[in-house]
file final.txt (compact mmCIF, C-alpha atoms and all ligand atoms)
# COMPACT_ATOMS: atom_id res chain seq x y z
CA MET A 28 -25.58 -9.54 60.67
CA PRO A 29 -26.08 -8.25 57.13
CA GLU A 30 -29.39 -6.57 56.45
CA ALA A 31 -32.03 -9.02 55.19
CA PRO A 32 -32.90 -8.61 51.50
CA PHE A 33 -36.34 -7.44 50.36
CA GLY A 34 -37.04 -11.01 49.38
CA VAL A 35 -36.39 -13.93 47.09
CA LEU A 36 -38.47 -14.03 43.91
CA ALA A 37 -39.23 -16.80 41.42
CA VAL A 38 -41.70 -17.22 38.59
CA TYR A 39 -44.11 -20.05 37.91
CA PRO A 40 -45.48 -20.94 34.46
CA THR A 41 -49.21 -21.07 35.33
CA ALA A 42 -51.61 -19.82 37.96
CA GLN A 43 -52.26 -23.41 39.05
CA ALA A 44 -48.53 -24.06 39.44
CA LEU A 45 -48.34 -21.00 41.68
CA LEU A 46 -51.31 -22.10 43.79
CA ASP A 47 -49.89 -25.60 44.09
CA ALA A 48 -46.49 -24.28 45.15
CA ILE A 49 -47.72 -22.14 48.05
CA PRO A 50 -48.55 -24.94 50.55
CA GLY A 51 -45.13 -26.50 49.96
CA ILE A 52 -43.37 -23.22 50.62
CA LYS A 53 -45.40 -22.60 53.76
CA ALA A 54 -44.57 -26.12 54.93
CA ARG A 55 -40.89 -25.17 54.72
CA GLY A 56 -41.52 -22.43 57.26
CA PHE A 57 -41.87 -19.32 55.07
CA SER A 58 -44.99 -17.39 55.94
CA ASN A 59 -44.44 -13.85 54.64
CA LEU A 60 -45.38 -14.36 50.98
CA GLU A 61 -46.48 -12.08 48.20
CA ALA A 62 -47.64 -13.03 44.70
CA TYR A 63 -47.48 -11.05 41.46
CA THR A 64 -49.87 -12.15 38.73
CA PRO A 65 -50.97 -10.73 35.37
CA PHE A 66 -54.64 -11.08 36.38
CA PRO A 67 -56.54 -11.77 39.63
CA VAL A 68 -56.22 -15.43 40.57
CA HIS A 69 -59.09 -16.98 42.50
CA GLY A 70 -58.13 -18.49 45.81
CA LEU A 71 -54.74 -16.78 45.89
CA GLU A 72 -55.50 -14.53 48.82
CA GLU A 73 -56.68 -17.47 50.95
CA ALA A 74 -53.68 -19.56 49.89
CA LEU A 75 -51.29 -16.75 50.87
CA GLY A 76 -53.22 -16.13 54.08
CA LEU A 77 -53.62 -12.41 53.30
CA LYS A 78 -55.83 -10.46 55.62
CA LYS A 79 -58.73 -8.48 54.18
CA SER A 80 -57.69 -4.88 53.58
CA ARG A 81 -58.88 -2.38 56.17
CA LEU A 82 -59.39 0.21 53.44
CA GLY A 83 -63.07 -0.69 52.97
CA THR A 84 -63.91 -0.11 56.63
CA LEU A 85 -62.02 3.16 56.66
CA VAL A 86 -63.77 4.37 53.51
CA PHE A 87 -67.17 3.40 54.95
CA ILE A 88 -66.55 5.32 58.18
CA MET A 89 -65.38 8.43 56.35
CA ALA A 90 -68.26 8.24 53.83
CA ALA A 91 -70.78 8.08 56.69
CA LEU A 92 -69.00 11.01 58.33
CA GLY A 93 -69.27 12.89 55.03
CA ALA A 94 -73.02 12.27 54.78
CA VAL A 95 -73.62 13.31 58.41
CA SER A 96 -71.48 16.43 58.24
CA ALA A 97 -73.09 17.53 54.97
CA PHE A 98 -76.54 17.08 56.52
CA LEU A 99 -75.60 18.96 59.69
CA PHE A 100 -74.02 21.78 57.70
CA GLU A 101 -77.04 22.16 55.42
CA TRP A 102 -79.46 21.87 58.30
CA TRP A 103 -77.54 24.48 60.28
CA THR A 104 -77.34 26.99 57.39
CA SER A 105 -80.98 26.62 56.36
CA VAL A 106 -82.63 26.25 59.77
CA VAL A 107 -80.38 28.07 62.24
CA ASP A 108 -77.99 30.48 60.59
CA TYR A 109 -79.87 31.79 57.57
CA PRO A 110 -83.50 30.64 57.57
CA LEU A 111 -85.14 31.49 54.25
CA VAL A 112 -88.60 30.24 53.33
CA ILE A 113 -88.32 29.01 49.75
CA GLY A 114 -91.50 28.27 47.84
CA GLY A 115 -93.44 28.01 51.11
CA LYS A 116 -91.58 24.83 52.09
CA PRO A 117 -90.47 24.03 55.64
CA LEU A 118 -86.97 25.20 56.58
CA ASN A 119 -85.80 21.67 57.29
CA SER A 120 -86.63 20.30 53.84
CA TRP A 121 -84.20 17.38 54.04
CA GLN A 122 -85.03 16.15 50.55
CA ALA A 123 -83.24 19.17 49.13
CA PHE A 124 -80.12 18.27 51.16
CA VAL A 125 -79.74 14.85 49.53
CA PRO A 126 -77.76 15.84 46.41
CA VAL A 127 -75.16 17.71 48.46
CA MET A 128 -75.04 14.91 51.04
CA PHE A 129 -74.42 12.46 48.20
CA GLU A 130 -71.64 14.62 46.77
CA VAL A 131 -69.90 15.08 50.11
CA THR A 132 -70.23 11.37 50.85
CA VAL A 133 -68.49 10.55 47.55
CA LEU A 134 -65.89 13.26 48.17
CA PHE A 135 -64.98 11.95 51.62
CA ALA A 136 -64.98 8.35 50.37
CA THR A 137 -62.73 8.95 47.36
CA PHE A 138 -60.28 11.15 49.22
CA THR A 139 -60.05 8.61 52.02
CA ALA A 140 -59.57 5.76 49.57
CA GLY A 141 -56.89 7.60 47.60
CA LEU A 142 -54.96 9.17 50.46
CA ALA A 143 -55.19 6.20 52.83
CA MET A 144 -54.06 3.90 50.03
CA LEU A 145 -51.07 6.11 49.25
CA PHE A 146 -49.94 7.22 52.69
CA LEU A 147 -51.26 4.61 55.11
CA PHE A 148 -51.08 1.34 53.23
CA ASN A 149 -48.54 2.01 50.47
CA LYS A 150 -46.40 4.14 52.79
CA LEU A 151 -45.59 7.14 50.63
CA PRO A 152 -43.04 8.69 50.14
CA PHE A 153 -41.65 5.16 49.62
CA PHE A 154 -42.30 5.36 45.90
CA GLY A 155 -41.08 2.15 44.38
CA SER A 156 -40.99 -1.47 45.37
CA PRO A 157 -37.78 -3.41 44.58
CA ILE A 158 -40.03 -5.76 42.65
CA LEU A 159 -40.23 -3.08 39.94
CA GLY A 160 -36.50 -3.45 39.34
CA SER A 161 -36.59 -7.25 39.06
CA LYS A 162 -36.16 -9.22 35.85
CA ALA A 163 -39.37 -11.11 36.54
CA ILE A 164 -41.56 -7.99 36.45
CA ARG A 165 -41.69 -8.04 32.66
CA ARG A 166 -43.11 -11.54 32.61
CA THR A 167 -45.46 -11.21 35.59
CA THR A 168 -47.33 -8.45 33.81
CA LYS A 169 -47.76 -10.77 30.84
CA ASP A 170 -47.79 -14.55 31.24
CA ARG A 171 -45.80 -15.56 34.33
CA PHE A 172 -46.78 -15.80 37.99
CA GLY A 173 -44.29 -14.47 40.50
CA LEU A 174 -43.92 -15.53 44.11
CA LEU A 175 -41.86 -13.56 46.60
CA ILE A 176 -40.66 -14.87 49.93
CA MET A 177 -40.07 -11.98 52.33
CA PRO A 178 -38.24 -11.92 55.68
CA VAL A 179 -40.14 -12.61 58.89
CA GLU A 180 -39.07 -10.20 61.63
CA GLY A 181 -36.13 -9.13 59.49
CA VAL A 182 -34.73 -12.64 59.07
CA LEU A 183 -34.61 -14.61 55.82
CA ASP A 184 -32.47 -17.64 54.93
CA VAL A 185 -31.82 -16.78 51.27
CA GLU A 186 -30.46 -20.21 50.34
CA ALA A 187 -33.32 -22.14 51.91
CA ALA A 188 -35.85 -19.80 50.30
CA SER A 189 -34.24 -20.20 46.84
CA ALA A 190 -34.24 -23.99 47.27
CA ALA A 191 -37.91 -23.94 48.34
CA LEU A 192 -38.88 -21.96 45.26
CA LEU A 193 -36.94 -24.23 42.88
CA GLU A 194 -38.23 -27.40 44.53
CA THR A 195 -41.85 -26.29 44.15
CA GLY A 196 -41.49 -25.67 40.42
CA GLY A 197 -40.29 -22.06 40.35
CA SER A 198 -37.58 -20.79 38.04
CA GLU A 199 -35.53 -17.62 37.45
CA VAL A 200 -34.84 -17.16 41.16
CA GLU A 201 -33.73 -13.60 42.02
CA VAL A 202 -32.65 -12.09 45.31
CA LEU A 203 -34.02 -8.57 45.60
CA ALA A 204 -31.99 -6.14 47.68
CA ALA A 205 -33.82 -4.18 50.37
CA PRO A 206 -34.76 -0.66 49.30
CA ASP A 207 -32.96 2.29 50.71
CA SER A 208 -35.05 3.02 53.78
CA THR A 209 -33.36 6.24 54.87
CA PRO A 210 -36.06 8.93 55.24
CA PRO A 211 -36.03 11.63 52.57
CA GLY A 212 -33.55 14.36 53.39
CA LEU A 213 -33.81 18.12 53.26
CA GLY A 214 -32.99 18.12 49.53
CA TRP A 215 -35.92 15.82 48.78
CA TRP A 216 -38.36 18.00 50.71
CA PHE A 217 -36.96 21.13 49.07
CA LYS A 218 -37.34 19.66 45.61
CA THR A 219 -40.83 18.32 46.30
CA LEU A 220 -42.17 21.49 47.89
CA SER A 221 -40.66 23.78 45.29
CA GLY A 222 -42.10 21.52 42.58
CA ILE A 223 -45.60 21.79 44.08
CA THR A 224 -45.23 25.56 44.54
CA ALA A 225 -44.04 25.99 40.97
CA ALA A 226 -46.99 23.94 39.67
CA CYS A 227 -49.44 26.08 41.70
CA VAL A 228 -47.90 29.34 40.51
CA VAL A 229 -47.89 28.24 36.88
CA THR A 230 -51.51 27.00 36.91
CA GLY A 231 -52.62 30.09 38.89
CA PHE A 232 -51.10 32.55 36.48
CA GLY A 233 -52.12 30.41 33.54
CA THR A 234 -55.75 30.40 34.66
CA ALA A 235 -55.74 34.13 35.39
CA TRP A 236 -54.26 34.77 31.98
CA ALA A 237 -56.81 32.56 30.24
CA ILE A 238 -59.80 34.03 32.07
CA LYS A 239 -58.93 37.67 32.74
CA ILE A 240 -56.22 38.73 30.39
CA TYR A 241 -56.83 36.72 27.26
CA PRO A 242 -60.40 35.48 27.51
CA THR A 243 -60.88 33.64 24.27
CA ILE A 244 -63.51 31.52 25.99
CA PRO A 245 -65.20 33.67 28.68
CA PRO A 246 -66.37 31.43 31.52
CA MET A 247 -70.11 30.79 31.82
CA VAL A 248 -70.84 33.04 28.86
CA HIS A 249 -74.20 31.37 28.34
CA MET A 250 -75.46 32.90 31.59
CA GLU A 251 -74.20 36.35 30.72
CA VAL A 252 -75.41 36.38 27.14
CA GLN A 253 -78.88 34.90 27.10
CA PRO A 254 -82.29 35.92 25.82
CA ARG A 255 -83.91 37.63 28.78
CA LEU A 256 -85.86 40.70 29.81
CA ASP A 257 -84.16 43.24 32.05
CA ALA A 258 -86.74 44.84 34.32
CA GLN A 259 -85.68 48.46 33.97
CA LYS A 260 -84.81 48.38 30.28
CA ALA A 261 -86.61 48.83 26.98
CA ASP A 262 -87.26 45.63 25.13
CA SER A 263 -88.77 44.81 21.76
CA PHE A 264 -90.29 41.53 22.95
CA PHE A 265 -93.53 43.05 24.23
CA ALA A 266 -95.72 45.30 22.12
CA ASP A 267 -95.41 48.22 24.53
CA GLY A 268 -91.60 48.06 24.38
CA HIS A 269 -91.20 47.72 28.19
CA GLY A 270 -89.00 45.10 29.77
CA MET A 271 -91.07 45.24 32.96
CA GLN A 272 -94.64 44.02 32.63
CA LEU A 273 -97.59 43.96 35.02
CA PRO A 274 -98.34 40.49 36.33
CA PRO A 275 -101.15 38.69 34.46
CA VAL A 276 -104.66 39.67 35.52
CA GLY A 277 -105.82 37.67 38.52
CA THR A 278 -102.30 36.96 39.83
CA VAL A 279 -102.33 36.72 43.62
CA ALA A 280 -99.22 37.04 45.76
CA ARG A 281 -98.50 34.07 48.00
CA GLY A 282 -100.20 34.43 51.37
CA TYR A 283 -102.19 37.47 50.23
CA MET A 284 -105.94 37.35 49.73
CA PRO A 285 -107.22 40.38 47.81
CA LEU A 286 -110.33 42.12 49.08
CA LEU A 287 -112.86 41.69 46.29
CA ALA A 288 -115.86 43.25 48.02
CA LYS A 289 -116.76 46.74 46.80
CA SER A 290 -118.44 48.10 49.94
CA PRO A 291 -118.53 47.41 53.70
CA GLU A 292 -122.05 46.03 53.30
CA GLU A 293 -120.94 43.59 50.60
CA ALA A 294 -117.90 42.58 52.67
CA GLY A 295 -120.20 42.08 55.66
CA LYS A 296 -122.25 39.59 53.68
CA GLU A 297 -119.37 37.76 52.00
CA LEU A 298 -116.46 37.62 54.40
CA ILE A 299 -116.22 35.18 57.26
CA ASN A 300 -113.86 35.91 60.14
CA PRO A 301 -111.23 33.15 59.86
CA LEU A 302 -109.76 33.71 63.32
CA PRO A 303 -111.07 31.83 66.35
CA VAL A 304 -111.60 33.93 69.46
CA THR A 305 -108.75 32.82 71.67
CA PRO A 306 -106.89 34.69 74.42
CA ALA A 307 -103.87 34.98 72.08
CA VAL A 308 -105.94 36.51 69.27
CA LEU A 309 -107.64 38.96 71.65
CA GLN A 310 -104.30 39.89 73.17
CA LYS A 311 -102.90 40.64 69.73
CA GLY A 312 -106.07 42.49 68.72
CA ARG A 313 -105.87 44.64 71.85
CA ASP A 314 -102.22 45.57 71.26
CA LEU A 315 -102.93 46.49 67.63
CA PHE A 316 -106.13 48.38 68.47
CA ASN A 317 -104.45 50.43 71.19
CA TYR A 318 -101.55 51.16 68.87
CA HIS A 319 -103.43 51.98 65.64
CA CYS A 320 -107.02 52.84 66.49
CA ALA A 321 -107.24 54.18 70.05
CA VAL A 322 -105.82 57.58 69.12
CA CYS A 323 -109.06 58.35 67.24
CA HIS A 324 -111.58 55.86 68.62
CA ASP A 325 -110.39 55.80 72.25
CA ARG A 326 -109.34 52.65 74.07
CA LEU A 327 -112.95 51.64 74.56
CA GLY A 328 -113.94 52.48 71.00
CA THR A 329 -116.24 55.31 72.11
CA GLY A 330 -115.00 57.50 69.27
CA LYS A 331 -113.64 60.30 71.48
CA PRO A 332 -110.33 61.20 69.88
CA TRP A 333 -107.32 61.96 72.05
CA LEU A 334 -106.41 64.60 69.51
CA THR A 335 -106.80 68.35 70.00
CA SER A 336 -109.81 70.23 68.70
CA ALA A 337 -107.75 70.95 65.58
CA TYR A 338 -108.80 67.43 64.51
CA THR A 339 -112.28 68.09 63.17
CA ALA A 340 -113.28 64.70 61.81
CA LYS A 341 -115.73 62.66 63.90
CA PRO A 342 -114.49 59.12 64.47
CA ALA A 343 -117.32 56.62 64.77
CA ASN A 344 -118.51 55.46 68.17
CA LEU A 345 -117.87 51.75 67.88
CA GLN A 346 -120.03 51.14 70.94
CA ALA A 347 -123.08 52.49 69.11
CA SER A 348 -125.72 49.89 68.33
CA THR A 349 -125.14 50.33 64.56
CA TYR A 350 -121.60 49.03 64.92
CA ARG A 351 -122.58 46.35 67.38
CA LYS A 352 -125.00 45.01 64.78
CA VAL A 353 -122.76 45.15 61.66
CA PRO A 354 -121.13 41.84 60.68
CA ASP A 355 -117.40 41.23 61.21
CA GLY A 356 -116.69 41.61 57.47
CA TYR A 357 -118.03 45.18 57.61
CA ILE A 358 -115.44 46.30 60.20
CA TYR A 359 -112.74 44.33 58.35
CA TYR A 360 -113.58 46.25 55.17
CA VAL A 361 -113.38 49.64 56.93
CA ILE A 362 -109.95 48.79 58.42
CA SER A 363 -108.74 47.59 55.00
CA GLU A 364 -110.11 50.40 52.83
CA GLY A 365 -110.56 53.29 55.26
CA LYS A 366 -113.59 55.54 55.31
CA GLY A 367 -113.86 59.31 54.94
CA ALA A 368 -111.17 60.79 57.18
CA MET A 369 -110.10 57.36 58.37
CA PRO A 370 -107.13 56.01 56.43
CA SER A 371 -106.70 52.49 55.04
CA TYR A 372 -104.65 50.10 57.19
CA ALA A 373 -104.09 47.55 54.41
CA ALA A 374 -100.43 48.51 54.11
CA ASP A 375 -99.72 48.37 57.87
CA LEU A 376 -101.73 45.39 59.00
CA SER A 377 -101.81 41.89 57.56
CA ALA A 378 -105.19 40.27 56.95
CA ASN A 379 -104.85 38.27 60.16
CA ASP A 380 -103.91 41.37 62.14
CA ARG A 381 -107.04 43.10 60.84
CA TRP A 382 -109.25 40.16 61.79
CA ALA A 383 -107.65 40.10 65.26
CA ILE A 384 -108.63 43.77 65.68
CA VAL A 385 -112.18 42.91 64.59
CA ASP A 386 -112.33 40.22 67.27
CA TYR A 387 -111.06 42.69 69.84
CA VAL A 388 -113.62 45.35 68.78
CA ARG A 389 -116.29 42.67 69.39
CA ALA A 390 -114.85 42.01 72.84
CA LEU A 391 -114.82 45.77 73.58
CA GLN A 392 -118.45 46.08 72.55
CA ARG A 393 -119.45 43.14 74.70
CA SER A 394 -117.50 44.55 77.66
CA GLN A 395 -119.59 47.71 77.61
CA HIS A 396 -122.90 46.01 76.94
CA ALA A 397 -122.59 42.89 79.00
CA LYS A 398 -125.70 40.84 79.63
CA PRO A 399 -126.23 39.13 82.95
CA GLU A 400 -125.27 35.79 81.31
CA ASP A 401 -121.85 37.21 80.40
CA VAL A 402 -120.78 37.58 84.01
CA GLN A 403 -121.99 34.24 85.27
C1 LIG B 1 -106.96 59.08 62.23
C2 LIG B 1 -108.08 58.75 63.07
C3 LIG B 1 -108.63 57.34 62.97
C4 LIG B 1 -107.97 56.20 63.22
C5 LIG B 1 -106.52 56.03 63.64
C6 LIG B 1 -108.92 55.13 63.04
N1 LIG B 1 -110.13 55.62 62.66
FE1 LIG B 1 -111.82 54.56 62.39
N2 LIG B 1 -112.76 56.25 61.90
C7 LIG B 1 -112.21 57.49 61.91
C8 LIG B 1 -113.18 58.45 61.42
C9 LIG B 1 -112.97 59.93 61.30
C10 LIG B 1 -114.34 57.70 61.11
C11 LIG B 1 -115.63 58.21 60.55
C12 LIG B 1 -115.51 58.13 59.02
C13 LIG B 1 -116.74 58.55 58.32
O1 LIG B 1 -117.84 58.18 58.75
O2 LIG B 1 -116.56 59.24 57.33
C14 LIG B 1 -114.04 56.34 61.43
C15 LIG B 1 -114.91 55.28 61.25
C16 LIG B 1 -114.69 53.99 61.65
C17 LIG B 1 -115.67 52.93 61.58
C18 LIG B 1 -117.09 53.02 61.11
C19 LIG B 1 -117.15 53.05 59.61
C20 LIG B 1 -118.54 53.23 59.07
O3 LIG B 1 -118.85 52.58 58.08
O4 LIG B 1 -119.31 54.06 59.62
C21 LIG B 1 -115.06 51.82 62.08
C22 LIG B 1 -115.65 50.42 62.21
C23 LIG B 1 -113.73 52.19 62.43
N3 LIG B 1 -113.52 53.52 62.15
C24 LIG B 1 -112.75 51.33 62.96
C25 LIG B 1 -111.45 51.67 63.14
C26 LIG B 1 -110.46 50.73 63.54
C27 LIG B 1 -110.68 49.25 63.87
C28 LIG B 1 -109.28 51.41 63.58
C29 LIG B 1 -107.89 50.84 63.88
C30 LIG B 1 -107.40 49.94 62.89
C31 LIG B 1 -109.56 52.77 63.24
N4 LIG B 1 -110.89 52.89 62.94
C32 LIG B 1 -108.60 53.78 63.20
C33 LIG B 1 -110.95 57.86 62.29
C34 LIG B 1 -109.96 56.97 62.61

call {"tool": "encode", "arguments": {"input": "final.txt", "output": "structure tokens"}}
result
Amino acid sequence: MPEAPFGVLAVYPTAQALLDAIPGIKARGFSNLEAYTPFPVHGLEEALGLKKSRLGTLVFIMAALGAVSAFLFEWWTSVVDYPLVIGGKPLNSWQAFVPVMFEVTVLFATFTAGLAMLFLFNKLPFFGSPILGSKAIRRTTKDRFGLLIMPVEGVLDVEAASAALLETGGSEVEVLAAPDSTPPGLGWWFKTLSGITAACVVTGFGTAWAIKIYPTIPPMVHMEVQPRLDAQKADSFFADGHGMQLPPVGTVARGYMPLLAKSPEEAGKELINPLPVTPAVLQKGRDLFNYHCAVCHDRLGTGKPWLTSAYTAKPANLQASTYRKVPDGYIYYVISEGKGAMPSYAADLSANDRWAIVDYVRALQRSQHAKPEDVQ
């Protein structure tokens, strides 16, 4: 049996003539039809009985996958792999992920649409349809409406099909030979791959030449050459000629509350201990006290240093009634600013750490001067 042709093609003068012809052709037993029209014709898909393309579903699935993978990737980098607090915002600030999620969604969707269309539905590398070689193609892109009857399960009665087309008002009947369906040989692959390689090499060297060797237009030059102050350089912008300036008066670093009081007494009046007395705070205060303070003030705060007699300063006895009576802010000030031979701990201990030590000093004092109520 000779191989069935690609199909039998005829043209109709109007869109309506084409629509009217289809039922007649179907009635004659031809069901594998394809139409070629210069513009979309309403009702044609239903008349031909074409199924809705699966491309939309595929694109939707891949787009959703794109959105989810972009979110997971961003979430993982900013919460798990490289957590950086930016502007005091929570690590999982999903709002910031949206632009990238949108981009990746579009990327996945367009690539799926393009590649699935080419390779899945249009069956690349089958480049051309025999319809492109037909006489009718010139007219169907202009003012004629083509109808193609294709074989069903590889069988097509060419004469009956031609008759059906003529009887329903078609003209210029053509029989289109089946395309050469042999898969591309080694030569085709060689030519294709060497073509792609050559294109990559040429664009690669071309880009390198344009950017590195002959940079007439340096990339991103507006970031390199811009009005700005370099921290360690002289600059004429400010009167003192320094690029690096002190922050404006009154600037406070994030999370840092400057100590404005001028003396322990003033601090005692003004500052309120922000930390609640909880087991966790006391635990922390004890660890920090034993680490930083006990060497001079002893673990109980009695002021007996563990140091040799070479250490002549007299650390205060924190159990003395003076220090039991001073307000929390007073002790906080001494830890922050130091006193006499006692150094400042502002650089080693955060404000909260210092307050935790204050709470622990209070607990120490109470432990040595417990009232009967305390042990009930
Ligand atoms: C290097 C030894 C040393 C360390 C460590 C040390 N202090 Fe002192 N501390 C002193 C000395 C000495 C004084 C007495 C200073 C003075 O009166 O001139 C003092 C005084 C004090 C006073 C009384 C201040 C006043 O106004 O009379 C307090 C409260 C105090 N220290 C708390 C602490 C706390 C809390 C720590 C731990 C963060 C600590 N100190 C760590 C040596 C030390």

call {"tool": "residues_around", "arguments": {"input": "final.txt", "residues": "Ile113 in chain A", "least_positions_apart": "6", "cutoff": "12 Å", "atoms": "all atoms listed in the file", "output": "list in words"}}
result
Ser105, Val106, Asn119, Ser120, Ala123 and Arg281 of chain A

call {"tool": "closest_residue", "arguments": {"input": "final.txt", "among": "A:Gly114, A:Gly295, A:Gly212, A:Pro50", "to": "Ala280 in chain A", "atoms": "only C-alpha atoms"}}
result
A:Gly114

call {"tool": "residues_near_ligand", "arguments": {"input": "final.txt", "ligand": "ligand LIG 1 (chain B)", "cutoff": "9 Å", "atoms": "all atoms listed in the file", "output": "PyMOL selection string"}}
result
chain A and resi 291-292+315-324+328+330+332+334+338-345+349-350+353+357-363+365-372+376+381+384-385+387-388

call {"tool": "atom_distance", "arguments": {"input": "final.txt", "atom1": "CA of Val279 in chain A", "atom2": "CA of Pro254 in chain A"}}
result
26.8 Å

call {"tool": "closest_residue", "arguments": {"input": "final.txt", "among": "A:Ala37, A:Leu298, A:Leu273, A:Leu147", "to": "Ala258 in chain A", "atoms": "all atoms listed in the file"}}
result
A:Leu273

call {"tool": "residues_near_point", "arguments": {"input": "final.txt", "point": "(-108.6, 33.5, 58.7)", "cutoff": "8 Å", "atoms": "only C-alpha atoms", "output": "VMD selection string"}}
result
chain A and resid 299 to 302 378 to 379 382

call {"tool": "residues_around", "arguments": {"input": "final.txt", "residues": "range 200-209 of chain A", "least_positions_apart": "5", "cutoff": "10 Å", "atoms": "only C-alpha atoms", "output": "ChimeraX atom specification"}}
result
/A:30-38,153,155-158,160-163,173-177,185-186,188-190,192-193

call {"tool": "write_last_selection", "arguments": {"input": "final.txt", "atoms": "C-alpha atoms", "output": "mmCIF file, in the coordinates of the input"}}
result
data_model
loop_
_atom_site.group_PDB
_atom_site.id
_atom_site.type_symbol
_atom_site.label_atom_id
_atom_site.label_comp_id
_atom_site.auth_asym_id
_atom_site.auth_seq_id
_atom_site.Cartn_x
_atom_site.Cartn_y
_atom_site.Cartn_z
ATOM 1 C CA GLU A 30 -29.390 -6.570 56.450
ATOM 2 C CA ALA A 31 -32.030 -9.020 55.190
ATOM 3 C CA PRO A 32 -32.900 -8.610 51.500
ATOM 4 C CA PHE A 33 -36.340 -7.440 50.360
ATOM 5 C CA GLY A 34 -37.040 -11.010 49.380
ATOM 6 C CA VAL A 35 -36.390 -13.930 47.090
ATOM 7 C CA LEU A 36 -38.470 -14.030 43.910
ATOM 8 C CA ALA A 37 -39.230 -16.800 41.420
ATOM 9 C CA VAL A 38 -41.700 -17.220 38.590
ATOM 10 C CA PHE A 153 -41.650 5.160 49.620
ATOM 11 C CA GLY A 155 -41.080 2.150 44.380
ATOM 12 C CA SER A 156 -40.990 -1.470 45.370
ATOM 13 C CA PRO A 157 -37.780 -3.410 44.580
ATOM 14 C CA ILE A 158 -40.030 -5.760 42.650
ATOM 15 C CA GLY A 160 -36.500 -3.450 39.340
ATOM 16 C CA SER A 161 -36.590 -7.250 39.060
ATOM 17 C CA LYS A 162 -36.160 -9.220 35.850
ATOM 18 C CA ALA A 163 -39.370 -11.110 36.540
ATOM 19 C CA GLY A 173 -44.290 -14.470 40.500
ATOM 20 C CA LEU A 174 -43.920 -15.530 44.110
ATOM 21 C CA LEU A 175 -41.860 -13.560 46.600
ATOM 22 C CA ILE A 176 -40.660 -14.870 49.930
ATOM 23 C CA MET A 177 -40.070 -11.980 52.330
ATOM 24 C CA VAL A 185 -31.820 -16.780 51.270
ATOM 25 C CA GLU A 186 -30.460 -20.210 50.340
ATOM 26 C CA ALA A 188 -35.850 -19.800 50.300
ATOM 27 C CA SER A 189 -34.240 -20.200 46.840
ATOM 28 C CA ALA A 190 -34.240 -23.990 47.270
ATOM 29 C CA LEU A 192 -38.880 -21.960 45.260
ATOM 30 C CA LEU A 193 -36.940 -24.230 42.880
#

call {"tool": "atom_distance", "arguments": {"input": "final.txt", "atom1": "CA of Gln122 in chain A", "atom2": "CA of Phe98 in chain A"}}
result
10.4 Å

call {"tool": "atom_distance", "arguments": {"input": "final.txt", "atom1": "CA of Glu364 in chain A", "atom2": "CA of Lys296 in chain A"}}
result
16.3 Å

call {"tool": "closest_atom_pairs", "arguments": {"input": "final.txt", "of": "range 149-266 of chain A", "to": "range 64-75 of chain A", "cutoff": "8 Å", "atoms": "only C-alpha atoms", "output": "JSON lines"}}
result
{"residue": "A:Thr167", "atom": "CA", "partner": "A:Thr64", "partner_atom": "CA", "distance": 5.5}
{"residue": "A:Thr168", "atom": "CA", "partner": "A:Pro65", "partner_atom": "CA", "distance": 4.6}
{"residue": "A:Lys169", "atom": "CA", "partner": "A:Pro65", "partner_atom": "CA", "distance": 5.6}
{"residue": "A:Asp170", "atom": "CA", "partner": "A:Pro65", "partner_atom": "CA", "distance": 6.5}
{"residue": "A:Arg171", "atom": "CA", "partner": "A:Thr64", "partner_atom": "CA", "distance": 6.9}
{"residue": "A:Phe172", "atom": "CA", "partner": "A:Thr64", "partner_atom": "CA", "distance": 4.8}
{"residue": "A:Gly173", "atom": "CA", "partner": "A:Thr64", "partner_atom": "CA", "distance": 6.3}

call {"tool": "residues_around", "arguments": {"input": "final.txt", "residues": "Val107 in chain A", "least_positions_apart": "4", "cutoff": "10 Å", "atoms": "only C-alpha atoms", "output": "list in words"}}
result
Glu101, Trp102, Trp103, Leu111, Leu118 and Asn119 of chain A

call {"tool": "closest_residue", "arguments": {"input": "final.txt", "among": "A:Ala90, A:Leu151, A:Thr104, A:Gly51", "to": "Ala136 in chain A", "atoms": "only C-alpha atoms"}}
result
A:Ala90

call {"tool": "closest_residue", "arguments": {"input": "final.txt", "among": "A:Leu92, A:Pro274, A:Gly356, A:Val112", "to": "Glu293 in chain A", "atoms": "only C-alpha atoms"}}
result
A:Gly356
